[in-house]
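Asks: To start, I am sharing the structure in question, which I have written as structure tokens.
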Amino acid sequence: MLQGLFDEDGGGDADFSYQITSSSSAKSTVERPPAPRNQTNLCGLQNQGATCYLNALIQTLLFTPEFREPLFSLSAKDLNLPPYSTDSGQTSSIGTTLKVRKIIVELQRLFAEMLLLNQQACSSIRLTDSFGWQSNETFDHQDVHELNRLLFDAIQKSLQGTKQSNLIRTCYEGSTINYTQCKKCQKVFKRIEDYQDLPLVVQDSPNLQNSLANMFTIHEHLIGDNQYRCSSCANTLCDAE
Ligand SMILES: [Zn+2]
């Protein structure tokens, strides 16, 4: 259902402009300035309809320095911004088309606004525009877990070819190791699985360490109907743990 949710090349915005325009200039009445930050000194995000789940995700990314700082380290040249872009159909000196990395540009812009502007809340419209979202998509409540995965895929794709192409992997991927020991030959078998998120039970758990321990240091006996097929014991079923 969420396939194609992040389409950096979509959205039909061939005139994609990075000029800051004043929304009040065309109106006869003068708009009130945005409300300043309150006592927390934090900047929120306006809800576009049903984007609270996306806003929560953006806030989490903003307050992850390991993600935010490498993102800010990308220059206008890295992001193929004018005059480095060739979105107008021209090709670069080496004959390749350099598309603006819109999602990363808009993440940088929004992060900068949230950190520097004295506003109670910022708008994420330019970011969702960079996803190629139409207004109906900002009114559909998505599953935040699935959205997170798709957003990371879109960021990863947008970062391809830059010095931060491994950013998502470095920040958000880990491995679990599953050990199985055959009780007959005593050989230990190791299975490594990569993950981007961990499902944890937090109910009735005093802290996160406890939840992690409950989930990943489980000792299981593989006996009876659940015996282990050991490759060192001619693929016969053996007791294991
Ligand atoms: Zn064995």
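Each chain in the structure tokens gets a letter, A, B, ..., in the order shown, and its residues are numbered from 1; ligands are numbered from 1 in order too.
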Find the residues of chain A that sit at most 10 Å from ligand 1; for each, write down the nearest two atoms and how far apart they are in Å, to one decimal. Count only C-alpha atoms and all ligand atoms. Sort by chain, then by number going up, and give it as a Markdown table.
Replies:
```
| residue | atom | partner | partner_atom_place_in_ligand_line | distance |
| --- | --- | --- | --- | --- |
| A:Gln181 | CA | ligand 1 | 1 (Zn) | 7.8 |
| A:Cys182 | CA | ligand 1 | 1 (Zn) | 4.6 |
| A:Lys183 | CA | ligand 1 | 1 (Zn) | 6.7 |
| A:Lys184 | CA | ligand 1 | 1 (Zn) | 5.1 |
| A:Cys185 | CA | ligand 1 | 1 (Zn) | 4.1 |
| A:Gln186 | CA | ligand 1 | 1 (Zn) | 6.3 |
| A:Lys187 | CA | ligand 1 | 1 (Zn) | 6.0 |
| A:Val188 | CA | ligand 1 | 1 (Zn) | 8.6 |
| A:Phe189 | CA | ligand 1 | 1 (Zn) | 9.6 |
| A:Tyr228 | CA | ligand 1 | 1 (Zn) | 8.6 |
| A:Arg229 | CA | ligand 1 | 1 (Zn) | 7.9 |
| A:Cys230 | CA | ligand 1 | 1 (Zn) | 4.7 |
| A:Ser231 | CA | ligand 1 | 1 (Zn) | 6.6 |
| A:Ser232 | CA | ligand 1 | 1 (Zn) | 4.8 |
| A:Cys233 | CA | ligand 1 | 1 (Zn) | 4.4 |
| A:Ala234 | CA | ligand 1 | 1 (Zn) | 8.0 |
| A:Asn235 | CA | ligand 1 | 1 (Zn) | 8.1 |
| A:Thr236 | CA | ligand 1 | 1 (Zn) | 7.9 |
| A:Leu237 | CA | ligand 1 | 1 (Zn) | 8.4 |
| A:Cys238 | CA | ligand 1 | 1 (Zn) | 6.5 |
| A:Asp239 | CA | ligand 1 | 1 (Zn) | 8.5 |
| A:Ala240 | CA | ligand 1 | 1 (Zn) | 8.3 |
```
Asks: Please produce a file of those selected residues containing C-alpha atoms, as a short mmCIF file (atom, residue, chain, number, x, y, z; two decimals), in the first residue's frame.
Replies:
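File produced: selection05.cif:
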```
data_model
loop_
_atom_site.label_atom_id
_atom_site.label_comp_id
_atom_site.auth_asym_id
_atom_site.auth_seq_id
_atom_site.Cartn_x
_atom_site.Cartn_y
_atom_site.Cartn_z
CA GLN A 181 25.23 -25.84 20.04
CA CYS A 182 24.73 -29.50 19.13
CA LYS A 183 24.68 -31.59 22.33
CA LYS A 184 26.07 -34.62 20.49
CA CYS A 185 29.20 -33.22 18.77
CA GLN A 186 29.32 -29.94 20.80
CA LYS A 187 29.86 -27.88 17.64
CA VAL A 188 28.55 -24.31 17.81
CA PHE A 189 26.74 -22.90 14.78
CA TYR A 228 18.24 -29.52 15.54
CA ARG A 229 19.44 -31.01 12.23
CA CYS A 230 23.24 -30.97 12.73
CA SER A 231 25.41 -30.78 9.60
CA SER A 232 28.39 -32.16 11.58
CA CYS A 233 26.43 -35.24 12.60
CA ALA A 234 25.55 -36.33 9.03
CA ASN A 235 22.44 -34.13 9.06
CA THR A 236 20.76 -36.21 11.73
CA LEU A 237 18.39 -34.71 14.29
CA CYS A 238 20.20 -34.00 17.56
CA ASP A 239 19.38 -32.36 20.88
CA ALA A 240 20.76 -28.85 20.92
#
```
Asks: Please list as a list of chain:residue names every residue within 9 Å of range 149-158 of chain A, counting only C-alpha atoms and excluding residues in the same chain fewer than 2 positions away.
Replies: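 That gives A:Leu2, A:Gln3, A:Gly4, A:Leu5, A:Phe6, A:Asp7, A:Glu8, A:Arg101, A:Lys102, A:Ile103, A:Ile104, A:Phe131, A:Val144, A:His145, A:Glu146, A:Leu147, A:Gln160, A:Gly161, A:Thr162, A:Gln164, A:Ser165, A:Asn166, A:Leu167, A:Ile168, A:Arg169, A:Gln196.
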Asks: Keeping only N, CA and C atoms, write those residues as a PDB file, in the first residue's frame.
Replies:
```
ATOM      1  N   LEU A   2       2.019   1.169   0.638  1.00  0.00           N
ATOM      2  CA  LEU A   2       2.865   2.351   0.714  1.00  0.00           C
ATOM      3  C   LEU A   2       3.927   2.386  -0.380  1.00  0.00           C
ATOM      4  N   GLN A   3       3.868   1.399  -1.289  1.00  0.00           N
ATOM      5  CA  GLN A   3       4.871   1.384  -2.351  1.00  0.00           C
ATOM      6  C   GLN A   3       4.787   2.672  -3.156  1.00  0.00           C
ATOM      7  N   GLY A   4       5.936   3.216  -3.517  1.00  0.00           N
ATOM      8  CA  GLY A   4       5.948   4.435  -4.326  1.00  0.00           C
ATOM      9  C   GLY A   4       5.605   5.675  -3.532  1.00  0.00           C
ATOM     10  N   LEU A   5       5.599   5.546  -2.201  1.00  0.00           N
ATOM     11  CA  LEU A   5       5.224   6.682  -1.360  1.00  0.00           C
ATOM     12  C   LEU A   5       6.261   7.795  -1.431  1.00  0.00           C
ATOM     13  N   PHE A   6       7.505   7.411  -1.593  1.00  0.00           N
ATOM     14  CA  PHE A   6       8.568   8.405  -1.683  1.00  0.00           C
ATOM     15  C   PHE A   6       9.118   8.405  -3.092  1.00  0.00           C
ATOM     16  N   ASP A   7       8.706   9.364  -3.886  1.00  0.00           N
ATOM     17  CA  ASP A   7       9.129   9.407  -5.280  1.00  0.00           C
ATOM     18  C   ASP A   7       9.820  10.736  -5.536  1.00  0.00           C
ATOM     19  N   GLU A   8      11.144  10.704  -5.340  1.00  0.00           N
ATOM     20  CA  GLU A   8      11.917  11.945  -5.442  1.00  0.00           C
ATOM     21  C   GLU A   8      11.825  12.554  -6.834  1.00  0.00           C
ATOM     22  N   ARG A 101      19.275  16.451  -5.352  1.00  0.00           N
ATOM     23  CA  ARG A 101      18.873  15.454  -4.351  1.00  0.00           C
ATOM     24  C   ARG A 101      17.864  16.134  -3.425  1.00  0.00           C
ATOM     25  N   LYS A 102      16.611  16.198  -3.919  1.00  0.00           N
ATOM     26  CA  LYS A 102      15.593  17.035  -3.272  1.00  0.00           C
ATOM     27  C   LYS A 102      15.297  16.644  -1.822  1.00  0.00           C
ATOM     28  N   ILE A 103      15.185  15.352  -1.561  1.00  0.00           N
ATOM     29  CA  ILE A 103      14.805  14.926  -0.210  1.00  0.00           C
ATOM     30  C   ILE A 103      15.858  15.380   0.799  1.00  0.00           C
ATOM     31  N   ILE A 104      17.126  15.240   0.432  1.00  0.00           N
ATOM     32  CA  ILE A 104      18.199  15.624   1.353  1.00  0.00           C
ATOM     33  C   ILE A 104      18.247  17.145   1.509  1.00  0.00           C
ATOM     34  N   PHE A 131       8.952  14.479  -1.441  1.00  0.00           N
ATOM     35  CA  PHE A 131       8.615  13.056  -1.531  1.00  0.00           C
ATOM     36  C   PHE A 131       7.732  12.774  -2.744  1.00  0.00           C
ATOM     37  N   VAL A 144       3.561   4.190  11.047  1.00  0.00           N
ATOM     38  CA  VAL A 144       4.827   4.903  11.238  1.00  0.00           C
ATOM     39  C   VAL A 144       6.037   3.977  11.063  1.00  0.00           C
ATOM     40  N   HIS A 145       5.877   2.719  11.436  1.00  0.00           N
ATOM     41  CA  HIS A 145       6.988   1.774  11.302  1.00  0.00           C
ATOM     42  C   HIS A 145       7.315   1.527   9.836  1.00  0.00           C
ATOM     43  N   GLU A 146       6.257   1.304   9.030  1.00  0.00           N
ATOM     44  CA  GLU A 146       6.472   1.072   7.605  1.00  0.00           C
ATOM     45  C   GLU A 146       6.977   2.356   6.939  1.00  0.00           C
ATOM     46  N   LEU A 147       6.411   3.490   7.356  1.00  0.00           N
ATOM     47  CA  LEU A 147       6.835   4.773   6.804  1.00  0.00           C
ATOM     48  C   LEU A 147       8.325   5.022   7.077  1.00  0.00           C
ATOM     49  N   GLN A 160      22.814   8.128  -2.620  1.00  0.00           N
ATOM     50  CA  GLN A 160      23.706   7.306  -3.441  1.00  0.00           C
ATOM     51  C   GLN A 160      24.686   8.162  -4.230  1.00  0.00           C
ATOM     52  N   GLY A 161      25.948   7.779  -4.175  1.00  0.00           N
ATOM     53  CA  GLY A 161      26.962   8.521  -4.933  1.00  0.00           C
ATOM     54  C   GLY A 161      27.570   9.667  -4.151  1.00  0.00           C
ATOM     55  N   THR A 162      27.063   9.962  -2.946  1.00  0.00           N
ATOM     56  CA  THR A 162      27.673  11.002  -2.118  1.00  0.00           C
ATOM     57  C   THR A 162      28.597  10.348  -1.088  1.00  0.00           C
ATOM     58  N   GLN A 164      28.169  10.336   1.913  1.00  0.00           N
ATOM     59  CA  GLN A 164      27.339   9.812   3.012  1.00  0.00           C
ATOM     60  C   GLN A 164      26.431   8.682   2.525  1.00  0.00           C
ATOM     61  N   SER A 165      26.844   7.968   1.504  1.00  0.00           N
ATOM     62  CA  SER A 165      25.953   6.939   0.942  1.00  0.00           C
ATOM     63  C   SER A 165      25.651   5.808   1.929  1.00  0.00           C
ATOM     64  N   ASN A 166      26.494   5.639   2.968  1.00  0.00           N
ATOM     65  CA  ASN A 166      26.248   4.577   3.957  1.00  0.00           C
ATOM     66  C   ASN A 166      25.623   5.098   5.249  1.00  0.00           C
ATOM     67  N   LEU A 167      25.109   6.349   5.227  1.00  0.00           N
ATOM     68  CA  LEU A 167      24.635   6.981   6.464  1.00  0.00           C
ATOM     69  C   LEU A 167      23.551   6.159   7.179  1.00  0.00           C
ATOM     70  N   ILE A 168      22.557   5.719   6.444  1.00  0.00           N
ATOM     71  CA  ILE A 168      21.456   4.967   7.065  1.00  0.00           C
ATOM     72  C   ILE A 168      21.988   3.660   7.649  1.00  0.00           C
ATOM     73  N   ARG A 169      22.815   2.996   6.880  1.00  0.00           N
ATOM     74  CA  ARG A 169      23.376   1.717   7.348  1.00  0.00           C
ATOM     75  C   ARG A 169      24.218   1.928   8.606  1.00  0.00           C
ATOM     76  N   GLN A 196      17.111  -3.372  11.109  1.00  0.00           N
ATOM     77  CA  GLN A 196      17.038  -1.897  11.175  1.00  0.00           C
ATOM     78  C   GLN A 196      16.238  -1.459  12.387  1.00  0.00           C
TER      79      GLN A 196
END
```
Asks: Based on DSSP run over this structure's backbone, return all residues of range 80-234 of chain A in alpha helix (DSSP H), as a count of residues only.
Replies: 57
Asks: Could you list, as a list in words, every residue within 10 Å of Gln59 in chain A, counting only C-alpha atoms and ignoring same-chain residues fewer than 3 positions away?
Replies: Cys43, Gly44, Leu45, Leu54, Asn55, Ala56, Leu62, Phe63, Thr64, Phe111 and Met114 of chain A
Asks: Enumerate the residues of range 61-193 of chain A with a DSSP assignment of strand (DSSP E or B), computed from the backbone, and present them as a list in words.
Replies: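 Reading the DSSP output for range 61-193 of chain A, strand (DSSP E or B) covers Ala121, Cys122, Gly174, Ser175, Thr176, Ile177, Asn178, Tyr179, Thr180, Gln181, Cys182, Val188, Phe189, Lys190, Arg191, Ile192 and Glu193 of chain A.
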Asks: Store the residues of this selection in a file with C-alpha atoms, as a PDB file, in the first residue's frame.
Replies:
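Output file again.pdb is given in full below:
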```
ATOM      1  CA  ALA A 121       6.492  25.438  14.723  1.00  0.00           C
ATOM      2  CA  CYS A 122       7.837  24.976  11.192  1.00  0.00           C
ATOM      3  CA  GLY A 174      22.885  -3.724  13.427  1.00  0.00           C
ATOM      4  CA  SER A 175      23.223  -7.504  13.601  1.00  0.00           C
ATOM      5  CA  THR A 176      21.927 -10.165  15.925  1.00  0.00           C
ATOM      6  CA  ILE A 177      23.826 -13.433  16.309  1.00  0.00           C
ATOM      7  CA  ASN A 178      22.037 -16.660  16.989  1.00  0.00           C
ATOM      8  CA  TYR A 179      24.191 -19.478  18.457  1.00  0.00           C
ATOM      9  CA  THR A 180      23.139 -23.137  18.373  1.00  0.00           C
ATOM     10  CA  GLN A 181      25.231 -25.841  20.042  1.00  0.00           C
ATOM     11  CA  CYS A 182      24.726 -29.505  19.127  1.00  0.00           C
ATOM     12  CA  VAL A 188      28.553 -24.309  17.813  1.00  0.00           C
ATOM     13  CA  PHE A 189      26.739 -22.896  14.777  1.00  0.00           C
ATOM     14  CA  LYS A 190      26.417 -19.146  14.321  1.00  0.00           C
ATOM     15  CA  ARG A 191      23.679 -17.362  12.329  1.00  0.00           C
ATOM     16  CA  ILE A 192      23.954 -13.592  11.752  1.00  0.00           C
ATOM     17  CA  GLU A 193      20.890 -11.511  10.886  1.00  0.00           C
TER      18      GLU A 193
END
```
Asks: Can you work out the spacing between CA of Leu61 in chain A and CA of Ser123 in chain A in Å, to one decimal?
Replies: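 Here the two named atoms are 16.0 Å from each other.
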Asks: One decimal, Å: what's the distance from CA of Thr60 in chain A over to CA of Asp129 in chain A, could you say?
Replies: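 Taking CA of Thr60 in chain A and CA of Asp129 in chain A, their separation equals 20.2 Å.
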